[in-house]
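One file, query-v9.cif, carrying mmCIF, C-alpha atoms:
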data_coords
loop_
_atom_site.group_PDB
_atom_site.id
_atom_site.type_symbol
_atom_site.label_atom_id
_atom_site.label_comp_id
_atom_site.auth_asym_id
_atom_site.auth_seq_id
_atom_site.Cartn_x
_atom_site.Cartn_y
_atom_site.Cartn_z
ATOM 1 C CA MET A 1 165.587 120.594 58.344
ATOM 2 C CA ASN A 2 167.562 120.071 61.545
ATOM 3 C CA LEU A 3 165.606 122.254 63.970
ATOM 4 C CA VAL A 4 167.972 121.784 66.917
ATOM 5 C CA GLU A 5 170.901 122.921 64.775
ATOM 6 C CA LEU A 6 168.833 125.849 63.430
ATOM 7 C CA GLN A 7 167.943 126.876 66.989
ATOM 8 C CA LYS A 8 171.630 126.790 67.961
ATOM 9 C CA LYS A 9 172.610 128.873 64.913
ATOM 10 C CA LEU A 10 169.934 131.471 65.595
ATOM 11 C CA ILE A 11 170.826 131.727 69.281
ATOM 12 C CA ALA A 12 174.466 132.173 68.228
ATOM 13 C CA ALA A 13 173.319 134.928 65.827
ATOM 14 C CA ALA A 14 171.475 136.662 68.658
ATOM 15 C CA ARG A 15 174.525 136.367 70.927
ATOM 16 C CA ALA A 16 176.768 137.887 68.251
ATOM 17 C CA ASN A 17 174.362 140.820 67.925
ATOM 18 C CA VAL A 18 175.194 142.835 71.049
ATOM 19 C CA PRO A 19 172.812 145.812 71.276
ATOM 20 C CA GLY A 20 174.290 149.284 71.371
ATOM 21 C CA ASP A 21 174.363 151.273 74.608
ATOM 22 C CA GLN A 22 174.141 154.750 73.090
ATOM 23 C CA VAL A 23 171.882 157.177 74.930
ATOM 24 C CA PRO A 24 169.944 159.979 73.173
ATOM 25 C CA TYR A 25 171.382 163.473 73.567
ATOM 26 C CA ALA A 26 170.529 165.154 76.912
ATOM 27 C CA PHE A 27 168.406 162.200 78.020
ATOM 28 C CA GLU A 28 169.365 162.758 81.673
ATOM 29 C CA LYS A 29 168.279 166.435 81.440
ATOM 30 C CA ARG A 30 164.911 165.326 80.082
ATOM 31 C CA ILE A 31 164.436 162.877 82.954
ATOM 32 C CA THR A 32 165.429 165.488 85.545
ATOM 33 C CA ALA A 33 162.974 168.011 84.055
ATOM 34 C CA LEU A 34 160.240 165.389 84.013
ATOM 35 C CA LEU A 35 160.926 164.491 87.635
ATOM 36 C CA ALA A 36 160.947 168.151 88.702
ATOM 37 C CA SER A 37 157.554 168.720 87.071
ATOM 38 C CA ARG A 38 156.247 165.536 88.700
ATOM 39 C CA VAL A 39 157.461 166.607 92.134
ATOM 40 C CA ALA A 40 155.735 169.996 91.691
ATOM 41 C CA ALA A 41 152.539 168.289 90.562
ATOM 42 C CA GLU A 42 152.707 165.895 93.520
ATOM 43 C CA ASN A 43 153.050 168.824 95.974
ATOM 44 C CA MET A 44 150.061 170.486 94.329
ATOM 45 C CA ASN A 45 148.116 167.243 94.604
ATOM 46 C CA LEU A 46 148.895 167.035 98.328
ATOM 47 C CA TRP A 47 147.483 170.534 98.847
ATOM 48 C CA VAL A 48 144.418 169.811 96.724
ATOM 49 C CA ARG A 49 143.770 166.551 98.590
ATOM 50 C CA GLY A 50 144.121 168.285 101.984
ATOM 51 C CA LEU A 51 141.818 171.131 100.999
ATOM 52 C CA TRP A 52 139.203 168.729 99.658
ATOM 53 C CA ARG A 53 139.273 166.807 102.937
ATOM 54 C CA ALA A 54 138.838 170.053 104.874
ATOM 55 C CA ALA A 55 135.957 171.101 102.618
ATOM 56 C CA VAL A 56 134.219 167.754 103.066
ATOM 57 C CA SER A 57 134.555 167.981 106.868
ATOM 58 C CA CYS A 58 133.179 171.545 106.833
ATOM 59 C CA VAL A 59 130.173 170.462 104.767
ATOM 60 C CA ALA A 60 129.572 167.514 107.099
ATOM 61 C CA ILE A 61 129.693 169.767 110.204
ATOM 62 C CA THR A 62 127.343 172.307 108.556
ATOM 63 C CA LEU A 63 124.863 169.584 107.666
ATOM 64 C CA LEU A 64 124.975 168.108 111.187
ATOM 65 C CA LEU A 65 124.423 171.505 112.816
ATOM 66 C CA GLY A 66 121.634 172.304 110.329
ATOM 67 C CA ALA A 67 119.932 169.006 111.071
ATOM 68 C CA TRP A 68 120.303 169.585 114.807
ATOM 69 C CA ALA A 69 118.784 173.068 114.488
ATOM 70 C CA VAL A 70 115.839 171.813 112.409
ATOM 71 C CA LEU A 71 115.154 168.748 114.529
ATOM 72 C CA ASN A 72 115.451 170.614 117.805
ATOM 73 C CA ASN A 73 112.064 171.108 119.645
ATOM 74 C CA PRO A 74 110.468 174.092 117.830
ATOM 75 C CA ALA A 75 108.080 174.894 120.720
ATOM 76 C CA THR A 76 110.917 175.409 123.181
ATOM 77 C CA THR A 77 112.820 177.460 120.638
ATOM 78 C CA THR A 78 109.783 179.660 119.967
ATOM 79 C CA THR A 79 109.120 180.175 123.705
ATOM 80 C CA ALA A 80 112.704 181.074 124.309
ATOM 81 C CA THR A 81 112.590 183.500 121.409
ATOM 82 C CA ASP A 82 109.334 184.996 122.659
ATOM 83 C CA ASP A 83 110.753 185.330 126.154
ATOM 84 C CA PHE A 84 113.810 186.977 124.784
ATOM 85 C CA SER A 85 111.807 189.467 122.716
ATOM 86 C CA LYS A 86 109.540 190.262 125.669
ATOM 87 C CA ASN A 87 112.464 190.738 128.008
ATOM 88 C CA PHE A 88 114.222 192.852 125.420
ATOM 89 C CA GLU A 89 111.135 195.019 124.913
ATOM 90 C CA SER A 90 110.495 195.525 128.631
ATOM 91 C CA THR A 91 114.149 196.359 129.251
ATOM 92 C CA LEU A 92 114.185 198.825 126.402
ATOM 93 C CA LEU A 93 110.920 200.447 127.432
ATOM 94 C CA ALA A 94 111.559 200.263 131.187
ATOM 95 C CA SER A 95 112.324 203.990 131.499
ATOM 96 C CA VAL A 96 109.161 204.939 129.544
ATOM 97 C CA ASP A 97 107.039 202.622 131.719
ATOM 98 C CA GLN A 98 108.547 204.134 134.866
ATOM 99 C CA ASN A 99 107.704 207.648 133.583
ATOM 100 C CA ASP A 100 104.099 206.599 132.844
ATOM 101 C CA GLN A 101 103.695 205.098 136.313
ATOM 102 C CA SER A 102 105.115 208.176 138.088
ATOM 103 C CA GLN A 103 102.775 210.510 136.194
ATOM 104 C CA MET B 1 184.608 166.897 94.614
ATOM 105 C CA GLU B 2 182.516 164.158 93.041
ATOM 106 C CA ARG B 3 179.797 162.774 95.305
ATOM 107 C CA THR B 4 179.448 159.036 95.877
ATOM 108 C CA GLU B 5 176.371 157.078 94.834
ATOM 109 C CA ALA B 6 175.243 156.737 98.445
ATOM 110 C CA GLU B 7 175.501 160.522 98.929
ATOM 111 C CA LEU B 8 173.543 161.175 95.728
ATOM 112 C CA ILE B 9 170.803 158.734 96.746
ATOM 113 C CA ALA B 10 170.604 160.265 100.238
ATOM 114 C CA ALA B 11 170.299 163.746 98.682
ATOM 115 C CA VAL B 12 167.497 162.583 96.352
ATOM 116 C CA LEU B 13 165.657 161.025 99.283
ATOM 117 C CA LYS B 14 165.902 164.363 101.126
ATOM 118 C CA GLY B 15 164.112 166.034 98.206
ATOM 119 C CA ASP B 16 166.958 167.166 95.940
ATOM 120 C CA ALA B 17 165.757 165.811 92.569
ATOM 121 C CA GLU B 18 168.783 167.344 90.773
ATOM 122 C CA SER B 19 171.063 164.806 92.478
ATOM 123 C CA PHE B 20 169.345 162.089 90.491
ATOM 124 C CA GLU B 21 170.867 163.365 87.226
ATOM 125 C CA PRO B 22 174.397 161.925 87.713
ATOM 126 C CA LEU B 23 172.847 158.518 88.412
ATOM 127 C CA VAL B 24 170.775 158.727 85.210
ATOM 128 C CA GLN B 25 173.861 159.771 83.263
ATOM 129 C CA LYS B 26 175.989 156.927 84.651
ATOM 130 C CA TYR B 27 173.570 154.032 84.253
ATOM 131 C CA SER B 28 171.494 154.981 81.203
ATOM 132 C CA PRO B 29 173.809 153.138 78.740
ATOM 133 C CA ARG B 30 173.109 149.828 80.555
ATOM 134 C CA VAL B 31 169.382 150.548 80.713
ATOM 135 C CA PHE B 32 169.279 151.365 76.975
ATOM 136 C CA ALA B 33 171.333 148.278 76.024
ATOM 137 C CA THR B 34 168.948 146.050 77.991
ATOM 138 C CA ALA B 35 165.834 147.719 76.569
ATOM 139 C CA ARG B 36 167.182 147.253 73.007
ATOM 140 C CA ARG B 37 167.086 143.473 73.567
ATOM 141 C CA TYR B 38 163.297 143.592 73.884
ATOM 142 C CA ALA B 39 162.102 146.558 71.809
ATOM 143 C CA ARG B 40 162.903 147.096 68.171
ATOM 144 C CA ARG B 41 161.853 150.719 67.615
ATOM 145 C CA GLU B 42 164.037 153.424 69.139
ATOM 146 C CA SER B 43 160.950 155.313 70.396
ATOM 147 C CA GLU B 44 159.896 152.198 72.346
ATOM 148 C CA VAL B 45 163.412 151.822 73.766
ATOM 149 C CA GLU B 46 163.291 155.429 74.983
ATOM 150 C CA ASP B 47 159.858 154.880 76.522
ATOM 151 C CA ILE B 48 161.159 151.855 78.441
ATOM 152 C CA ALA B 49 164.247 153.746 79.668
ATOM 153 C CA GLN B 50 162.108 156.690 80.772
ATOM 154 C CA GLU B 51 159.714 154.362 82.581
ATOM 155 C CA VAL B 52 162.654 152.673 84.351
ATOM 156 C CA TRP B 53 164.027 155.980 85.628
ATOM 157 C CA LEU B 54 160.645 157.287 86.757
ATOM 158 C CA LYS B 55 160.036 154.028 88.640
ATOM 159 C CA ALA B 56 163.552 154.156 90.112
ATOM 160 C CA PHE B 57 162.923 157.691 91.380
ATOM 161 C CA SER B 58 159.559 156.921 92.938
ATOM 162 C CA LYS B 59 160.762 153.655 94.527
ATOM 163 C CA LEU B 60 164.172 154.905 95.635
ATOM 164 C CA HIS B 61 163.081 154.795 99.298
ATOM 165 C CA SER B 62 162.872 150.981 98.940
ATOM 166 C CA PHE B 63 166.591 150.800 97.966
ATOM 167 C CA ARG B 64 168.286 149.651 101.171
ATOM 168 C CA GLY B 65 171.870 149.869 99.937
ATOM 169 C CA GLU B 66 172.670 146.230 100.758
ATOM 170 C CA ALA B 67 173.392 145.437 97.083
ATOM 171 C CA PRO B 68 174.905 147.865 94.544
ATOM 172 C CA PHE B 69 172.506 150.421 93.062
ATOM 173 C CA GLU B 70 173.228 148.986 89.602
ATOM 174 C CA HIS B 71 171.814 145.553 90.558
ATOM 175 C CA TRP B 72 168.663 147.140 91.978
ATOM 176 C CA LEU B 73 168.280 149.234 88.831
ATOM 177 C CA MET B 74 168.821 146.265 86.492
ATOM 178 C CA ARG B 75 166.105 144.289 88.294
ATOM 179 C CA MET B 76 163.777 147.207 87.693
ATOM 180 C CA THR B 77 164.868 147.416 84.033
ATOM 181 C CA VAL B 78 164.258 143.717 83.352
ATOM 182 C CA ARG B 79 160.841 143.863 85.023
ATOM 183 C CA THR B 80 159.890 146.969 83.031
ATOM 184 C CA CYS B 81 160.984 145.217 79.815
ATOM 185 C CA TYR B 82 158.827 142.228 80.779
ATOM 186 C CA ASP B 83 155.832 144.542 81.326
ATOM 187 C CA PHE B 84 156.555 146.062 77.908
ATOM 188 C CA LEU B 85 156.561 142.595 76.285
ATOM 189 C CA ARG B 86 153.255 141.733 77.945
ATOM 190 C CA GLY B 87 151.726 144.961 76.653
ATOM 191 C CA HIS B 88 153.060 144.643 73.084
ATOM 192 C CA GLN B 89 152.279 141.208 71.723
ATOM 193 C CA ARG B 90 151.232 142.478 68.295
ATOM 194 C CA ASN B 91 153.731 140.579 66.126
ATOM 195 C CA ARG B 92 153.134 137.128 67.563
ATOM 196 C CA GLU B 93 150.529 136.147 64.992
ATOM 197 C CA SER B 94 152.376 137.256 61.835
ATOM 198 C CA SER B 95 153.348 134.676 59.211
ATOM 199 C CA PHE B 96 156.803 133.555 58.094
ATOM 200 C CA SER B 97 155.763 133.979 54.450
ATOM 201 C CA GLU B 98 156.829 137.664 54.712
ATOM 202 C CA LEU B 99 160.537 136.809 55.095
ATOM 203 C CA SER B 100 162.923 139.106 53.232
ATOM 204 C CA GLU B 101 165.138 137.834 50.418
ATOM 205 C CA PRO B 102 168.343 137.675 52.496
ATOM 206 C CA GLU B 103 166.456 135.775 55.220
ATOM 207 C CA ASN B 104 165.111 133.298 52.643
ATOM 208 C CA ASP B 105 168.612 132.913 51.162
ATOM 209 C CA TRP B 106 170.120 132.272 54.583
ATOM 210 C CA LEU B 107 167.474 129.620 55.317
ATOM 211 C CA GLU B 108 168.052 127.977 51.900
ATOM 212 C CA ARG B 109 171.739 127.872 52.613
ATOM 213 C CA PHE B 110 171.110 126.409 56.064
ATOM 214 C CA VAL B 111 168.913 123.672 54.554
ATOM 215 C CA THR B 112 171.443 122.700 51.887
ATOM 216 C CA GLN B 113 174.681 123.201 53.859
ATOM 217 C CA PRO B 114 173.954 123.894 57.558
ATOM 218 C CA GLU B 115 177.612 124.262 58.520
ATOM 219 C CA THR B 116 178.276 127.029 55.971
ATOM 220 C CA ALA B 117 175.363 129.288 57.003
ATOM 221 C CA PRO B 118 177.141 131.986 59.035
ATOM 222 C CA HIS B 119 175.641 132.873 62.442
ATOM 223 C CA ASN B 120 176.961 136.422 62.247
ATOM 224 C CA ALA B 121 175.091 137.298 59.039
ATOM 225 C CA ASP B 122 172.565 140.154 59.120
ATOM 226 C CA ALA B 123 169.908 137.798 57.748
ATOM 227 C CA ALA B 124 170.384 135.411 60.703
ATOM 228 C CA ARG B 125 170.014 138.352 63.097
ATOM 229 C CA LEU B 126 166.786 139.447 61.403
ATOM 230 C CA LEU B 127 165.484 135.899 61.447
ATOM 231 C CA VAL B 128 166.201 135.373 65.134
ATOM 232 C CA GLY B 129 164.533 138.726 65.837
ATOM 233 C CA ARG B 130 161.394 137.468 64.085
ATOM 234 C CA VAL B 131 161.464 134.186 66.009
ATOM 235 C CA LEU B 132 161.912 135.982 69.347
ATOM 236 C CA GLU B 133 158.980 138.289 68.552
ATOM 237 C CA LYS B 134 156.743 135.246 68.193
ATOM 238 C CA LEU B 135 157.596 133.881 71.628
ATOM 239 C CA SER B 136 155.298 134.535 74.580
ATOM 240 C CA PRO B 137 156.610 137.255 76.971
ATOM 241 C CA PRO B 138 157.915 134.852 79.654
ATOM 242 C CA ALA B 139 159.514 132.613 77.013
ATOM 243 C CA ARG B 140 161.209 135.555 75.310
ATOM 244 C CA LEU B 141 162.494 136.921 78.590
ATOM 245 C CA VAL B 142 163.897 133.604 79.740
ATOM 246 C CA ILE B 143 165.462 132.764 76.334
ATOM 247 C CA THR B 144 167.072 136.209 76.206
ATOM 248 C CA LEU B 145 168.480 136.018 79.720
ATOM 249 C CA LEU B 146 169.440 132.347 79.751
ATOM 250 C CA GLU B 147 170.525 131.583 76.182
ATOM 251 C CA ILE B 148 171.519 134.942 74.709
ATOM 252 C CA GLU B 149 172.924 136.794 77.736
ATOM 253 C CA ASP B 150 174.188 133.518 79.220
ATOM 254 C CA ARG B 151 172.995 134.228 82.770
ATOM 255 C CA SER B 152 172.545 131.580 85.450
ATOM 256 C CA VAL B 153 169.144 130.404 86.655
ATOM 257 C CA LYS B 154 169.806 132.016 90.052
ATOM 258 C CA GLU B 155 170.647 135.351 88.447
ATOM 259 C CA ILE B 156 167.462 135.188 86.361
ATOM 260 C CA ALA B 157 165.426 134.428 89.475
ATOM 261 C CA GLU B 158 166.888 137.525 91.160
ATOM 262 C CA LEU B 159 166.320 139.731 88.130
ATOM 263 C CA THR B 160 162.768 138.637 87.420
ATOM 264 C CA GLY B 161 161.507 137.984 90.930
ATOM 265 C CA TRP B 162 160.518 134.432 89.902
ATOM 266 C CA SER B 163 161.522 131.437 92.018
ATOM 267 C CA VAL B 164 164.381 129.179 90.824
ATOM 268 C CA PRO B 165 162.015 126.245 90.022
ATOM 269 C CA LEU B 166 159.729 128.621 88.095
ATOM 270 C CA VAL B 167 162.672 129.863 86.013
ATOM 271 C CA LYS B 168 163.597 126.246 85.209
ATOM 272 C CA VAL B 169 160.029 125.376 84.224
ATOM 273 C CA ARG B 170 159.725 128.509 82.092
ATOM 274 C CA ALA B 171 163.099 127.829 80.450
ATOM 275 C CA PHE B 172 162.001 124.297 79.547
ATOM 276 C CA ARG B 173 158.700 125.583 78.125
ATOM 277 C CA ALA B 174 160.458 128.433 76.292
ATOM 278 C CA ARG B 175 162.824 126.039 74.473
ATOM 279 C CA GLY B 176 159.842 123.947 73.451
ATOM 280 C CA GLU B 177 157.962 127.040 72.298
ATOM 281 C CA MET B 178 160.946 128.158 70.223
ATOM 282 C CA ARG B 179 161.268 124.737 68.622
ATOM 283 C CA LYS B 180 157.554 124.802 67.738
ATOM 284 C CA ILE B 181 157.970 128.220 66.085
ATOM 285 C CA LEU B 182 160.953 126.966 64.083
ATOM 286 C CA ALA B 183 158.972 123.877 63.051
ATOM 287 C CA LYS B 184 156.112 126.128 61.920
ATOM 288 C CA MET B 185 158.559 128.251 59.937
ATOM 289 C CA ALA B 186 160.029 125.135 58.309
ATOM 290 C CA SER B 187 156.599 123.788 57.402
ATOM 291 C CA GLU B 188 155.475 127.152 55.964
ATOM 292 C CA LYS B 189 158.609 127.386 53.841
ATOM 293 C CA TYR B 190 159.224 123.849 52.737
ATOM 294 C CA LEU B 191 155.920 121.965 52.743
#

So that I can check it, write out the structure of this file as structure tokens.
Amino acid sequence: MNLVELQKKLIAAARANVPGDQVPYAFEKRITALLASRVAAENMNLWVRGLWRAAVSCVAITLLLGAWAVLNNPATTTTATDDFSKNFESTLLASVDQNDQSQ
Amino acid sequence: MERTEAELIAAVLKGDAESFEPLVQKYSPRVFATARRYARRESEVEDIAQEVWLKAFSKLHSFRGEAPFEHWLMRMTVRTCYDFLRGHQRNRESSFSELSEPENDWLERFVTQPETAPHNADAARLLVGRVLEKLSPPARLVITLLEIEDRSVKEIAELTGWSVPLVKVRAFRARGEMRKILAKMASEKYL
């Protein structure tokens, strides 16, 4: 069999067979609808991505502040709290103390 | 008043997706005709065309308007068809023993009287379709563009994104690959 000749014949057959250019009905409408839904989904994704980033930053800040609060010197914190409660108590009961002293 | 292509593209880039529709309507016949060269089933052809348009929409910002929109779109179509070929290599291993009767008759006729076997017969078209399906994706693409669509090496380089020397090398290999497939077919049928 002459393979070169066969190759030529088959290539000629392929050349003679020009594919059709028909487009399915309302193909462009389908593409437009698909694109519209994709655009909407992309906008949604942008929001979701932004909100996730914000949530992650909030969690990070909370953790940092929590760690700072826990690791902060507890003795100083307690003294300050005690001082505050004592001051608060004496201020609140100042009028009663004054009455006691005057009597 | 009908808007020009440049106006439609500018509108799409500003966020008006509806302006893309006239472009799809105008160029879909070319996209479908190209896709039909590489995919046999109509559902696959539609998938390729859809993929082309979705890619065109998402990459429209990269269209600089220096060349016609059609050229840019055809490059995208050819590259999408090539991706399709690389993803669908299922028929490459099938045997030639499953040839239909008309295909066998055409081959018999070619063996006995090569000059009388018509190249425009349906059997010859089916046979060449089978041979093309057995080629590797780059070989099929280059044979289709160079031999069947009669494009120049430079045009193929622009369409595929390959360099001119690479197109030449692939064309040389593709012809050899096709000859090997034909030799295999001949040996399966007549030895």

Distance criterion (all atoms listed in the file): nearest to Val78 (chain B) out of B:Asp16, B:Glu177, B:Glu155, B:Glu2: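 The closest residue to Val78 (chain B) is B:Glu155.
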
Residue contacts of region 3-16 of chain A (10 Å, all atoms listed in the file) excluding same-chain residues fewer than 4 positions away, as a ChimeraX atom specification: /B:37,107,110-111,114-115,117-129,131-132,143-144,147-150,175,178-183,186

Among the residues B:Met185, B:Ser136, B:Cys81, B:Leu8, the one that comes closest to chain A [using all atoms listed in the file]: B:Met185

Expansion of the PyMOL selection byres ((chain B and resi 53) around 12) into residues, as number ranges by chain: A: 27-28, 30-32, 34-35; B: 20-21, 23-25, 27-28, 31-32, 46-52, 54-60, 72-74, 76-77, 80

Atomic distance CA of Ile156 (chain B) - CA of Lys26 (chain B), expressed in Å with one decimal: 23.4 Å

Expected selection from the PyMOL selection byres ((chain B and resi 87) around 12), given as a PyMOL selection string: chain B and resi 38-39+44+48+80-86+88-91+136-137

Residues from last step as file, C-alpha atoms, as an mmCIF file, in the coordinates of the input:
data_model
loop_
_atom_site.group_PDB
_atom_site.id
_atom_site.type_symbol
_atom_site.label_atom_id
_atom_site.label_comp_id
_atom_site.auth_asym_id
_atom_site.auth_seq_id
_atom_site.Cartn_x
_atom_site.Cartn_y
_atom_site.Cartn_z
ATOM 1 C CA TYR B 38 163.297 143.592 73.884
ATOM 2 C CA ALA B 39 162.102 146.558 71.809
ATOM 3 C CA GLU B 44 159.896 152.198 72.346
ATOM 4 C CA ILE B 48 161.159 151.855 78.441
ATOM 5 C CA THR B 80 159.890 146.969 83.031
ATOM 6 C CA CYS B 81 160.984 145.217 79.815
ATOM 7 C CA TYR B 82 158.827 142.228 80.779
ATOM 8 C CA ASP B 83 155.832 144.542 81.326
ATOM 9 C CA PHE B 84 156.555 146.062 77.908
ATOM 10 C CA LEU B 85 156.561 142.595 76.285
ATOM 11 C CA ARG B 86 153.255 141.733 77.945
ATOM 12 C CA HIS B 88 153.060 144.643 73.084
ATOM 13 C CA GLN B 89 152.279 141.208 71.723
ATOM 14 C CA ARG B 90 151.232 142.478 68.295
ATOM 15 C CA ASN B 91 153.731 140.579 66.126
ATOM 16 C CA SER B 136 155.298 134.535 74.580
ATOM 17 C CA PRO B 137 156.610 137.255 76.971
#

Residue contacts of Arg64 (chain B) (12 Å, only C-alpha atoms) excluding same-chain residues fewer than 6 positions away, as a list in words: Ala6, Ile9, Ala10, Leu13, His71 and Trp72 of chain B

Those residues with C-alpha atoms, as a short mmCIF file (atom, residue, chain, number, x, y, z; two decimals), in the coordinates of the input please?
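Writing done, so here's again.cif:
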data_model
loop_
_atom_site.label_atom_id
_atom_site.label_comp_id
_atom_site.auth_asym_id
_atom_site.auth_seq_id
_atom_site.Cartn_x
_atom_site.Cartn_y
_atom_site.Cartn_z
CA ALA B 6 175.24 156.74 98.44
CA ILE B 9 170.80 158.73 96.75
CA ALA B 10 170.60 160.26 100.24
CA LEU B 13 165.66 161.02 99.28
CA HIS B 71 171.81 145.55 90.56
CA TRP B 72 168.66 147.14 91.98
#

For CA of Arg75 (chain B) and CA of Arg36 (chain B), the interatomic separation in Å (one decimal): 15.6 Å

Once all heavy atoms are restored for region 84-91 of chain A, what would the output be as an mmCIF file, keeping the file's coordinate frame?
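As written to disk, selection.cif reads:
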data_model
loop_
_atom_site.group_PDB
_atom_site.id
_atom_site.type_symbol
_atom_site.label_atom_id
_atom_site.label_comp_id
_atom_site.auth_asym_id
_atom_site.auth_seq_id
_atom_site.Cartn_x
_atom_site.Cartn_y
_atom_site.Cartn_z
ATOM 1 N N PHE A 84 112.706 186.060 125.056
ATOM 2 C CA PHE A 84 113.810 186.977 124.784
ATOM 3 C C PHE A 84 113.277 188.310 124.262
ATOM 4 O O PHE A 84 113.678 189.384 124.721
ATOM 5 C CB PHE A 84 114.782 186.334 123.778
ATOM 6 C CG PHE A 84 115.914 187.227 123.388
ATOM 7 C CD1 PHE A 84 116.976 187.448 124.280
ATOM 8 C CD2 PHE A 84 115.926 187.887 122.162
ATOM 9 C CE1 PHE A 84 118.004 188.283 123.924
ATOM 10 C CE2 PHE A 84 116.959 188.725 121.815
ATOM 11 C CZ PHE A 84 118.005 188.920 122.693
ATOM 12 N N SER A 85 112.317 188.227 123.305
ATOM 13 C CA SER A 85 111.807 189.467 122.716
ATOM 14 C C SER A 85 111.025 190.281 123.768
ATOM 15 O O SER A 85 111.133 191.512 123.809
ATOM 16 C CB SER A 85 110.937 189.166 121.500
ATOM 17 O OG SER A 85 109.862 188.357 121.894
ATOM 18 N N LYS A 86 110.300 189.554 124.616
ATOM 19 C CA LYS A 86 109.540 190.262 125.669
ATOM 20 C C LYS A 86 110.481 190.958 126.660
ATOM 21 O O LYS A 86 110.297 192.119 127.035
ATOM 22 C CB LYS A 86 108.635 189.287 126.421
ATOM 23 C CG LYS A 86 107.291 189.095 125.737
ATOM 24 C CD LYS A 86 106.484 188.037 126.468
ATOM 25 C CE LYS A 86 105.280 187.652 125.616
ATOM 26 N NZ LYS A 86 104.663 186.421 126.101
ATOM 27 N N ASN A 87 111.483 190.173 127.080
ATOM 28 C CA ASN A 87 112.464 190.738 128.008
ATOM 29 C C ASN A 87 113.162 191.939 127.406
ATOM 30 O O ASN A 87 113.378 192.962 128.061
ATOM 31 C CB ASN A 87 113.522 189.687 128.387
ATOM 32 C CG ASN A 87 112.926 188.602 129.278
ATOM 33 O OD1 ASN A 87 111.882 188.836 129.912
ATOM 34 N ND2 ASN A 87 113.561 187.453 129.315
ATOM 35 N N PHE A 88 113.520 191.780 126.122
ATOM 36 C CA PHE A 88 114.222 192.852 125.420
ATOM 37 C C PHE A 88 113.357 194.119 125.370
ATOM 38 O O PHE A 88 113.814 195.227 125.664
ATOM 39 C CB PHE A 88 114.572 192.368 123.996
ATOM 40 C CG PHE A 88 115.359 193.349 123.191
ATOM 41 C CD1 PHE A 88 116.732 193.526 123.442
ATOM 42 C CD2 PHE A 88 114.757 194.118 122.200
ATOM 43 C CE1 PHE A 88 117.468 194.434 122.699
ATOM 44 C CE2 PHE A 88 115.497 195.026 121.466
ATOM 45 C CZ PHE A 88 116.858 195.175 121.712
ATOM 46 N N GLU A 89 112.074 193.901 125.041
ATOM 47 C CA GLU A 89 111.135 195.019 124.913
ATOM 48 C C GLU A 89 110.934 195.726 126.266
ATOM 49 O O GLU A 89 110.983 196.964 126.364
ATOM 50 C CB GLU A 89 109.801 194.486 124.402
ATOM 51 C CG GLU A 89 108.913 195.552 123.789
ATOM 52 C CD GLU A 89 107.608 194.957 123.284
ATOM 53 O OE1 GLU A 89 107.653 193.860 122.687
ATOM 54 O OE2 GLU A 89 106.564 195.588 123.500
ATOM 55 N N SER A 90 110.736 194.926 127.314
ATOM 56 C CA SER A 90 110.495 195.525 128.631
ATOM 57 C C SER A 90 111.725 196.262 129.145
ATOM 58 O O SER A 90 111.615 197.309 129.794
ATOM 59 C CB SER A 90 110.026 194.471 129.637
ATOM 60 O OG SER A 90 110.991 193.459 129.700
ATOM 61 N N THR A 91 112.912 195.692 128.830
ATOM 62 C CA THR A 91 114.149 196.359 129.251
ATOM 63 C C THR A 91 114.303 197.688 128.517
ATOM 64 O O THR A 91 114.632 198.717 129.112
ATOM 65 C CB THR A 91 115.367 195.463 128.955
ATOM 66 O OG1 THR A 91 115.144 194.187 129.482
ATOM 67 C CG2 THR A 91 116.654 196.058 129.494
#
